[in-house]
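K.L.:
This is the content of coords.txt (compact mmCIF, C-alpha atoms):
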# COMPACT_ATOMS: atom_id res chain seq x y z
CA MET A 1 -36.43 8.00 19.66
CA PRO A 2 -34.13 6.30 17.12
CA SER A 3 -35.25 3.47 14.96
CA SER A 4 -33.28 0.58 13.51
CA SER A 5 -32.34 0.37 9.84
CA SER A 6 -31.72 -2.50 7.45
CA GLY A 7 -28.41 -3.84 6.28
CA ALA A 8 -27.05 -5.69 9.34
CA PRO A 9 -27.99 -7.19 12.68
CA GLU A 10 -28.88 -4.07 14.65
CA SER A 11 -28.73 -5.47 18.18
CA TRP A 12 -25.82 -6.97 20.06
CA TRP A 13 -28.22 -8.53 22.51
CA ASN A 14 -30.83 -11.25 22.04
CA GLU A 15 -34.22 -10.36 20.61
CA ARG A 16 -36.84 -11.62 23.03
CA ASP A 17 -39.61 -9.78 24.84
CA LEU A 18 -41.27 -10.22 28.21
CA THR A 19 -44.78 -8.84 28.49
CA SER A 20 -45.01 -7.22 31.92
CA TYR A 21 -43.60 -3.73 32.32
CA GLU A 22 -43.99 -3.95 36.09
CA SER A 23 -41.93 -7.13 36.13
CA ALA A 24 -39.22 -5.52 34.02
CA LEU A 25 -39.20 -2.45 36.25
CA SER A 26 -38.73 -4.66 39.29
CA ALA A 27 -35.80 -6.41 37.63
CA LEU A 28 -34.24 -3.05 36.71
CA GLU A 29 -34.70 -1.71 40.24
CA THR A 30 -32.99 -4.78 41.66
CA TYR A 31 -30.10 -4.52 39.23
CA ARG A 32 -29.58 -0.84 40.03
CA ARG A 33 -29.77 -1.48 43.75
CA GLU A 34 -27.09 -4.16 43.46
CA ASN A 35 -24.83 -2.45 40.89
CA GLY A 36 -25.40 1.28 41.25
CA ASP A 37 -26.42 1.98 37.64
CA LEU A 38 -28.25 0.57 34.62
CA ALA A 39 -25.22 0.15 32.38
CA ILE A 40 -26.15 -3.51 32.10
CA PRO A 41 -23.58 -5.64 30.25
CA GLY A 42 -24.99 -7.52 27.28
CA ARG A 43 -23.69 -10.75 28.80
CA PHE A 44 -25.44 -10.24 32.17
CA VAL A 45 -27.91 -13.02 32.96
CA VAL A 46 -30.46 -12.51 35.74
CA PRO A 47 -29.53 -14.84 38.59
CA ALA A 48 -32.08 -17.18 40.12
CA THR A 49 -32.41 -15.27 43.39
CA GLU A 50 -35.49 -14.10 45.25
CA GLU A 51 -34.52 -10.46 44.65
CA TYR A 52 -35.39 -10.80 40.97
CA PRO A 53 -38.82 -11.73 39.59
CA ALA A 54 -38.88 -15.47 38.88
CA GLU A 55 -39.86 -14.99 35.23
CA TRP A 56 -36.57 -13.17 34.63
CA HIS A 57 -34.31 -15.88 36.00
CA GLY A 58 -31.79 -16.99 33.37
CA ILE A 59 -32.70 -14.13 31.03
CA LYS A 60 -30.29 -11.58 29.55
CA LEU A 61 -31.75 -8.40 31.01
CA ALA A 62 -30.17 -5.89 28.60
CA ALA A 63 -31.39 -7.92 25.62
CA HIS A 64 -34.97 -7.07 26.51
CA VAL A 65 -35.05 -3.64 28.11
CA TYR A 66 -32.55 -1.98 25.74
CA ASP A 67 -34.55 -2.86 22.67
CA MET A 68 -36.76 -0.62 20.54
CA LYS A 69 -39.55 -3.19 20.44
CA TRP A 70 -39.71 -3.25 24.23
CA TRP A 71 -39.69 0.56 24.41
CA GLN A 72 -42.44 0.90 21.80
CA ARG A 73 -44.61 -1.72 23.46
CA HIS A 74 -44.19 -0.72 27.09
CA VAL A 75 -42.91 2.86 27.34
CA ALA A 76 -43.52 5.01 24.25
CA LYS A 77 -47.11 5.99 25.13
CA HIS A 78 -46.64 6.23 28.90
CA ALA A 79 -45.11 9.45 30.17
CA ASP A 80 -45.19 8.17 33.75
CA ARG A 81 -43.05 5.19 32.77
CA VAL A 82 -40.53 7.45 31.03
CA ALA A 83 -40.27 9.40 34.28
CA GLN A 84 -39.79 6.20 36.29
CA LEU A 85 -37.02 5.02 34.01
CA ASN A 86 -35.36 8.44 34.04
CA GLU A 87 -35.28 8.35 37.81
CA LEU A 88 -33.63 4.94 37.72
CA GLY A 89 -30.97 6.16 35.29
CA PHE A 90 -32.16 4.29 32.23
CA ILE A 91 -29.64 4.75 29.39
CA TRP A 92 -31.83 5.83 26.49
CA GLU A 93 -28.87 5.98 24.07
CA ARG A 94 -28.73 2.20 24.17
CA LEU A 95 -31.99 2.06 22.27
CA GLN A 96 -30.26 3.29 19.12
CA PRO A 97 -29.05 0.89 16.40
CA THR A 98 -25.83 -0.98 17.06
CA TRP A 99 -24.22 0.80 14.08
CA ASN A 100 -24.58 4.14 15.88
CA LEU A 101 -23.00 2.71 19.03
CA LEU A 102 -20.20 1.20 16.93
CA MET A 103 -19.44 4.56 15.31
CA GLU A 104 -19.57 6.34 18.68
CA GLY A 105 -17.19 3.75 20.11
CA MET A 106 -14.73 4.04 17.22
CA ALA A 107 -14.81 7.83 17.34
CA THR A 108 -14.03 7.73 21.05
CA TYR A 109 -11.23 5.20 20.53
CA ARG A 110 -9.69 7.44 17.89
CA ALA A 111 -9.93 10.50 20.13
CA LEU A 112 -8.15 8.61 22.92
CA ARG A 113 -5.53 6.70 20.90
CA GLY A 114 -5.16 8.52 17.61
CA ASN A 115 -6.33 5.69 15.34
CA VAL A 116 -8.99 3.03 14.91
CA LEU A 117 -6.65 0.02 14.86
CA ILE A 118 -8.78 -1.65 17.49
CA PRO A 119 -7.62 -5.08 18.77
CA ALA A 120 -10.09 -7.87 18.09
CA ALA A 121 -10.48 -8.62 21.80
CA PHE A 122 -11.07 -5.01 22.83
CA VAL A 123 -14.21 -4.37 24.91
CA VAL A 124 -15.15 -0.82 25.89
CA PRO A 125 -14.17 -0.29 29.54
CA ARG A 126 -16.41 1.25 32.17
CA THR A 127 -14.46 4.47 32.53
CA GLU A 128 -15.41 8.12 32.42
CA GLU A 129 -13.78 8.90 29.07
CA TRP A 130 -16.16 6.49 27.31
CA PRO A 131 -19.86 7.24 26.68
CA VAL A 132 -21.92 5.20 29.11
CA ALA A 133 -24.01 3.81 26.25
CA THR A 134 -20.91 2.09 24.84
CA TRP A 135 -19.74 0.44 28.06
CA ASP A 136 -19.10 -3.28 27.57
CA LEU A 137 -19.55 -2.96 23.80
CA PRO A 138 -17.39 -5.64 22.08
CA LEU A 139 -15.89 -2.99 19.84
CA GLY A 140 -12.95 -5.03 18.58
CA SER A 141 -15.20 -7.91 17.58
CA PHE A 142 -17.51 -5.59 15.67
CA VAL A 143 -14.56 -4.01 13.84
CA GLN A 144 -13.37 -7.47 12.79
CA GLN A 145 -16.85 -8.32 11.51
CA VAL A 146 -16.93 -5.13 9.44
CA ARG A 147 -13.45 -5.71 8.04
CA LEU A 148 -13.69 -9.43 7.29
CA ARG A 149 -17.40 -10.04 6.66
CA HIS A 150 -18.62 -6.54 5.80
CA ASP A 151 -21.27 -6.73 8.50
CA PHE A 152 -23.46 -3.60 8.64
CA LEU A 153 -22.41 -2.75 5.06
CA THR A 154 -25.27 -4.13 3.01
CA GLY A 155 -28.52 -2.49 2.00
CA GLU A 156 -29.31 1.09 1.14
CA ASN A 157 -27.01 2.54 3.82
CA ALA A 158 -23.90 0.65 2.72
CA ASN A 159 -22.17 3.44 0.77
CA GLU A 160 -22.87 6.09 3.37
CA ARG A 161 -21.54 3.85 6.12
CA ARG A 162 -18.37 3.15 4.16
CA ARG A 163 -17.86 6.91 3.83
CA GLN A 164 -18.33 7.30 7.58
CA LEU A 165 -15.70 4.64 8.23
CA ASP A 166 -13.26 6.18 5.76
CA ALA A 167 -13.69 9.55 7.43
CA LEU A 168 -12.66 7.97 10.74
CA GLY A 169 -9.55 6.48 9.15
CA PHE A 170 -10.82 2.92 9.19
CA VAL A 171 -8.15 0.42 8.09
CA TRP A 172 -9.64 -2.10 5.67
CA ASP A 173 -6.42 -4.09 5.14
CA VAL A 174 -4.32 -4.23 8.32
CA SER A 175 -1.47 -6.13 6.66
CA GLU A 176 -1.09 -3.53 3.92
CA TYR A 177 -1.31 -0.74 6.48
CA ASN A 178 1.47 -2.29 8.58
CA PHE A 179 3.70 -2.82 5.56
CA THR A 180 3.19 0.75 4.38
CA ARG A 181 4.08 1.97 7.86
CA LEU A 182 7.31 -0.05 7.80
CA LEU A 183 8.17 1.35 4.38
CA ARG A 184 7.56 4.91 5.56
CA ALA A 185 9.74 4.36 8.62
CA LEU A 186 12.59 2.91 6.56
CA ARG A 187 12.52 5.78 4.09
CA HIS A 188 12.49 8.33 6.90
CA PHE A 189 15.32 6.56 8.71
CA ASP A 190 17.37 6.56 5.53
CA ARG A 191 16.80 10.28 4.95
CA LEU A 192 17.86 11.12 8.48
CA GLU A 193 20.87 8.81 8.60
CA SER A 194 22.38 9.17 5.16
CA GLY A 195 20.81 12.11 3.38
CA ARG A 196 21.27 10.25 0.11
CA SER A 197 18.77 10.59 -2.69
CA SER A 198 16.48 7.68 -3.47
CA SER A 199 18.05 7.30 -6.92
CA ARG A 200 21.52 6.49 -5.57
CA GLU A 201 22.28 2.83 -4.92
CA HIS A 202 22.89 2.10 -1.25
CA SER A 203 21.65 -0.17 1.52
CA ILE A 204 19.70 0.80 4.60
CA ARG A 205 21.27 -0.38 7.86
CA VAL A 206 18.96 -0.24 10.88
CA PRO A 207 20.36 -1.37 14.25
CA SER A 208 18.38 -4.32 15.56
CA LYS A 209 17.46 -2.50 18.76
CA PHE A 210 16.52 0.79 17.16
CA VAL A 211 13.18 2.26 18.25
CA VAL A 212 11.92 5.55 16.88
CA PRO A 213 12.43 8.03 19.74
CA SER A 214 9.26 9.39 21.25
CA GLY A 215 8.92 13.14 21.15
CA ASP A 216 11.58 13.51 18.44
CA ASN A 217 10.23 16.14 16.07
CA SER A 218 12.43 14.88 13.27
CA TRP A 219 10.05 11.89 13.08
CA PRO A 220 6.31 11.93 12.33
CA PRO A 221 4.40 11.53 15.62
CA ASP A 222 2.54 8.46 14.39
CA LEU A 223 5.89 6.65 14.14
CA TRP A 224 7.10 7.49 17.65
CA ASP A 225 8.01 4.35 19.63
CA TYR A 226 7.93 2.26 16.45
CA PRO A 227 10.35 -0.71 16.90
CA LEU A 228 11.92 -0.37 13.46
CA GLY A 229 14.96 -2.53 14.21
CA ALA A 230 12.85 -5.42 15.49
CA LYS A 231 10.53 -5.14 12.50
CA CYS A 232 13.45 -5.34 10.10
CA MET A 233 14.71 -8.47 11.85
CA ALA A 234 11.25 -10.03 11.61
CA VAL A 235 11.12 -9.27 7.89
CA ARG A 236 14.47 -11.00 7.36
CA GLN A 237 13.91 -13.97 9.65
CA LYS A 238 10.17 -14.61 9.40
CA ARG A 239 9.34 -12.84 6.13
CA LEU A 240 6.95 -10.58 8.03
CA TYR A 241 4.69 -8.63 5.65
CA VAL A 242 6.47 -9.99 2.53
CA LYS A 243 5.57 -13.69 2.50
CA ASN A 244 3.43 -14.35 -0.57
CA HIS A 245 3.72 -10.65 -1.48
CA PRO A 246 6.52 -10.31 -4.06
CA TYR A 247 5.65 -6.69 -4.82
CA ARG A 248 6.32 -5.79 -1.18
CA ARG A 249 9.71 -7.51 -1.30
CA GLN A 250 10.51 -5.57 -4.46
CA ALA A 251 9.43 -2.31 -2.82
CA LEU A 252 11.89 -2.96 0.01
CA GLU A 253 14.69 -3.80 -2.39
CA ASP A 254 13.98 -0.65 -4.37
CA ILE A 255 14.77 1.52 -1.35
CA GLY A 256 17.89 -0.47 -0.42
CA PHE A 257 16.58 -2.77 2.30
CA ARG A 258 19.32 -5.13 3.48
CA TRP A 259 18.24 -8.77 3.52
CA SER A 260 21.48 -9.98 5.12
CA GLY A 261 23.67 -8.62 7.86
CA ASN A 262 26.09 -6.69 5.68
CA ALA A 263 25.87 -6.74 1.91
CA LYS A 264 29.31 -5.15 1.49
CA LEU A 265 31.26 -7.83 3.40
CA GLY A 266 32.83 -10.68 1.47
CA TRP A 267 33.20 -14.21 2.82
CA LEU A 268 36.86 -13.71 3.80
CA ASP A 269 35.92 -10.55 5.71
CA VAL A 270 33.37 -12.52 7.70
CA VAL A 271 35.86 -15.31 8.44
CA GLN A 272 38.47 -12.82 9.63
CA ALA A 273 35.95 -11.05 11.85
CA ALA A 274 34.83 -14.39 13.33
CA ALA A 275 38.42 -15.32 14.10
CA ILE A 276 39.03 -12.04 15.93
CA TYR A 277 35.79 -12.48 17.91
CA SER A 278 36.84 -16.02 18.86
CA GLN A 279 40.26 -14.86 20.08
CA MET A 280 38.65 -12.14 22.22
CA HIS A 281 36.12 -14.53 23.79
CA GLY A 282 38.16 -17.54 24.83
CA ARG A 283 37.96 -19.39 21.53
CA VAL A 284 34.16 -19.41 21.74
CA LEU A 285 32.24 -18.40 18.62
CA ASN A 286 28.79 -17.97 20.14
CA VAL A 287 28.08 -14.59 18.55
CA PRO A 288 24.82 -12.89 19.66
CA PHE A 289 22.55 -12.10 16.74
CA ASP A 290 22.55 -8.37 17.50
CA PHE A 291 26.33 -8.12 18.03
CA GLU A 292 27.89 -5.24 16.13
CA ILE A 293 31.61 -4.76 15.59
CA PRO A 294 32.60 -1.64 17.55
CA ALA A 295 34.07 1.29 15.70
CA PRO A 296 37.81 1.88 16.20
CA PRO A 297 38.77 4.57 18.72
CA PRO A 298 39.46 8.03 17.27
CA MET A 299 43.06 8.61 16.27
CA ASP A 300 45.16 10.95 18.35
CA ALA A 301 45.78 14.22 16.53
CA GLU A 302 49.53 13.97 17.24
CA SER A 303 49.76 10.66 15.38
CA ASN A 304 48.59 12.25 12.09
Is it possible to give me this structure as C-alpha cells?
P.N.:
Amino acid sequence: MPSSSSGAPESWWNERDLTSYESALSALETYRRENGDLAIPGRFVVPATEEYPAEWHGIKLAAHVYDMKWWQRHVAKHADRVAQLNELGFIWERLQPTWNLLMEGMATYRALRGNVLIPAAFVVPRTEEWPVATWDLPLGSFVQQVRLRHDFLTGENANERRRQLDALGFVWDVSEYNFTRLLRALRHFDRLESGRSSSREHSIRVPSKFVVPSGDNSWPPDLWDYPLGAKCMAVRQKRLYVKNHPYRRQALEDIGFRWSGNAKLGWLDVVQAAAIYSQMHGRVLNVPFDFEIPAPPPMDAESN
C-alpha cells in the first residue's frame, strides 16, 4: 500500500481517527446501502440518523476511512477485513497521497480537454471517464494552491514534482500564457491575411467579431474557436494583458497591432465618413462600435 511523503499536506480530508473497526464498517455499509458505492465525497458528514452508529454522527466519513493511519491500525494485518472491504467496494486508491490523486486528476483532465488550464472552481465529476478515486476531488483549488502558494512543492520531492508538472504542460503563469496565445494568434492571422513579412511596416486589422474557425487546418488546432476579434477589442478598451506590462505592449506594436480603429485615416476622413453615415441613418450618428464601412460594389466590366 502507498505511504505519504513530506513536502505538503497529503490529505484533503480531516485527520482524525475512530477506534472501532466494526463501527466504521457499519457506517460504510450504511453509506453504500444508501448511495450505491463508497466514492464518499470529502465534504460528506454522517447524518444524525439511527441508520448510522451514534459515534459517527457529525463526522466526515471519508476523512477517517480513506486515511493511511486508519488502514494501518485497523486493516493492514487483517486479511478478513480486507476481504470485507473489497466486497463493499472500498476504493483503495484513495489511500494514496493527495499528490498522486492530483497528478492523476490533471492527467485525466489533459486527456479529455487537451490542456491543464483547470478553472479554480473545477471539481472532478462523478462520470465514467474519470478514475473513481478522483471523484469529488477539488482539482481546480489544488492547481491554484500549487501555482500561487507552491503547495506540495517543498521538501526532497520538490524538483521531481516540478518536472512532473512541466511534463504535463502545467501553466505556471496564466497571464503570460494568455498573452503569448494572443500574440501567436495575431501573427498567424497576419500571415494568412496579408502574407507580408514581419520586417515590413503594416498594421494588423482583425474584425471585432472574428473567431478562429474550428476545423480549419490553416490554423493550429489549439487556436480553434479562439475569439481573436473580441480579445483585440479587450486589449484596446480594457488594456487586457498589457496593463502594467510595457514589454507586452511593445511586443504588440512590433508586429503592427492597431490600437485605434484605423491608423491610416486622418481626422477629415473620419468626419466625412460620419457625415455620410448620418445622412444614411436619418441624421442620427449612433454608430455601433463594430460597424465597418462596406466595400464598394465591383465595377461593371463594360464601364472600364
K.L.:
To one decimal in Å, tell me the separation between CA of Tyr109 in chain A and CA of Trp130 in chain A.
P.N.:
8.5 Å
K.L.:
Which neighbours of Asp166 in chain A fall inside 12 Å, counting all atoms listed in the file, when residues of the same chain fewer than 5 positions from it are skipped, and could you give them as a VMD selection string?
P.N.:
chain A and resid 103 106 to 107 115 to 116 159 to 161 171 to 172
K.L.:
Please list as a VMD selection string every residue within 9 Å of Ala133 in chain A, counting all atoms listed in the file and excluding residues in the same chain fewer than 4 positions away.
P.N.:
chain A and resid 39 91 to 94 101 137
K.L.:
Take the residues from that selection and write them out as an mmCIF file, in the frame of the given file, keeping C-alpha atoms.
P.N.:
data_model
loop_
_atom_site.group_PDB
_atom_site.id
_atom_site.type_symbol
_atom_site.label_atom_id
_atom_site.label_comp_id
_atom_site.auth_asym_id
_atom_site.auth_seq_id
_atom_site.Cartn_x
_atom_site.Cartn_y
_atom_site.Cartn_z
ATOM 1 C CA ALA A 39 -25.220 0.150 32.380
ATOM 2 C CA ILE A 91 -29.640 4.750 29.390
ATOM 3 C CA TRP A 92 -31.830 5.830 26.490
ATOM 4 C CA GLU A 93 -28.870 5.980 24.070
ATOM 5 C CA ARG A 94 -28.730 2.200 24.170
ATOM 6 C CA LEU A 101 -23.000 2.710 19.030
ATOM 7 C CA LEU A 137 -19.550 -2.960 23.800
#
K.L.:
Can you list, as a list of chain:residue names, every protein, DNA or RNA residue that comes within 10 Å of Ala24 in chain A when you count all atoms listed in the file, leaving out same-chain residues fewer than 4 positions away?
P.N.:
A:Leu18, A:Thr19, A:Ser20, A:Leu28, A:Glu29, A:Thr30, A:Tyr52, A:Pro53, A:Glu55, A:Trp56, A:Leu61, A:His64, A:Val65, A:His74
K.L.:
Rank A:Phe179, A:Phe44, A:Phe142, A:Trp99 by their smallest atom-to-atom distance to Leu252 in chain A, using all atoms listed in the file, and report the top residue only.
P.N.:
A:Phe179
K.L.:
Excluding Leu95 in chain A and any residue of its chain fewer than 6 positions from it, enumerate the residues within 6 Å of it, using all atoms listed in the file, and give them as number ranges by chain.
P.N.:
A: 66-68
K.L.:
What does the distance between CA of Pro207 in chain A and CA of Asp173 in chain A come to in Å, to one decimal place?
P.N.:
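That distance, rounded to one decimal, is 28.4 Å.
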K.L.:
Please determine, counting all atoms listed in the file, which residue among A:Thr134, A:Pro97, A:Phe90, A:Val75 has the shortest atom-to-atom distance to Pro41 in chain A.
P.N.:
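Closest to Pro41 in chain A, using all atoms listed in the file: A:Thr134.
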K.L.:
Which residues are near Trp259 in chain A? Cut-off 12 Å, all atoms listed in the file, ignore same chain within fewer than 3 positions. Put them as an NGL selection string.
P.N.:
:A and (203-206 or 232-239 or 242 or 249-250 or 252-253 or 255-256 or 262-264)
K.L.:
Could you write those residues out with C-alpha atoms, as a PDB file, keeping the file's coordinate frame?
P.N.:
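Writing done, so here's result_36.pdb:
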ATOM      1  CA  SER A 203      21.650  -0.170   1.520  1.00  0.00           C
ATOM      2  CA  ILE A 204      19.700   0.800   4.600  1.00  0.00           C
ATOM      3  CA  ARG A 205      21.270  -0.380   7.860  1.00  0.00           C
ATOM      4  CA  VAL A 206      18.960  -0.240  10.880  1.00  0.00           C
ATOM      5  CA  CYS A 232      13.450  -5.340  10.100  1.00  0.00           C
ATOM      6  CA  MET A 233      14.710  -8.470  11.850  1.00  0.00           C
ATOM      7  CA  ALA A 234      11.250 -10.030  11.610  1.00  0.00           C
ATOM      8  CA  VAL A 235      11.120  -9.270   7.890  1.00  0.00           C
ATOM      9  CA  ARG A 236      14.470 -11.000   7.360  1.00  0.00           C
ATOM     10  CA  GLN A 237      13.910 -13.970   9.650  1.00  0.00           C
ATOM     11  CA  LYS A 238      10.170 -14.610   9.400  1.00  0.00           C
ATOM     12  CA  ARG A 239       9.340 -12.840   6.130  1.00  0.00           C
ATOM     13  CA  VAL A 242       6.470  -9.990   2.530  1.00  0.00           C
ATOM     14  CA  ARG A 249       9.710  -7.510  -1.300  1.00  0.00           C
ATOM     15  CA  GLN A 250      10.510  -5.570  -4.460  1.00  0.00           C
ATOM     16  CA  LEU A 252      11.890  -2.960   0.010  1.00  0.00           C
ATOM     17  CA  GLU A 253      14.690  -3.800  -2.390  1.00  0.00           C
ATOM     18  CA  ILE A 255      14.770   1.520  -1.350  1.00  0.00           C
ATOM     19  CA  GLY A 256      17.890  -0.470  -0.420  1.00  0.00           C
ATOM     20  CA  ASN A 262      26.090  -6.690   5.680  1.00  0.00           C
ATOM     21  CA  ALA A 263      25.870  -6.740   1.910  1.00  0.00           C
ATOM     22  CA  LYS A 264      29.310  -5.150   1.490  1.00  0.00           C
TER      23      LYS A 264
END
K.L.:
Can you measure CA of Ser194 in chain A to CA of Tyr241 in chain A for me? One decimal in Å is fine.
P.N.:
25.1 Å
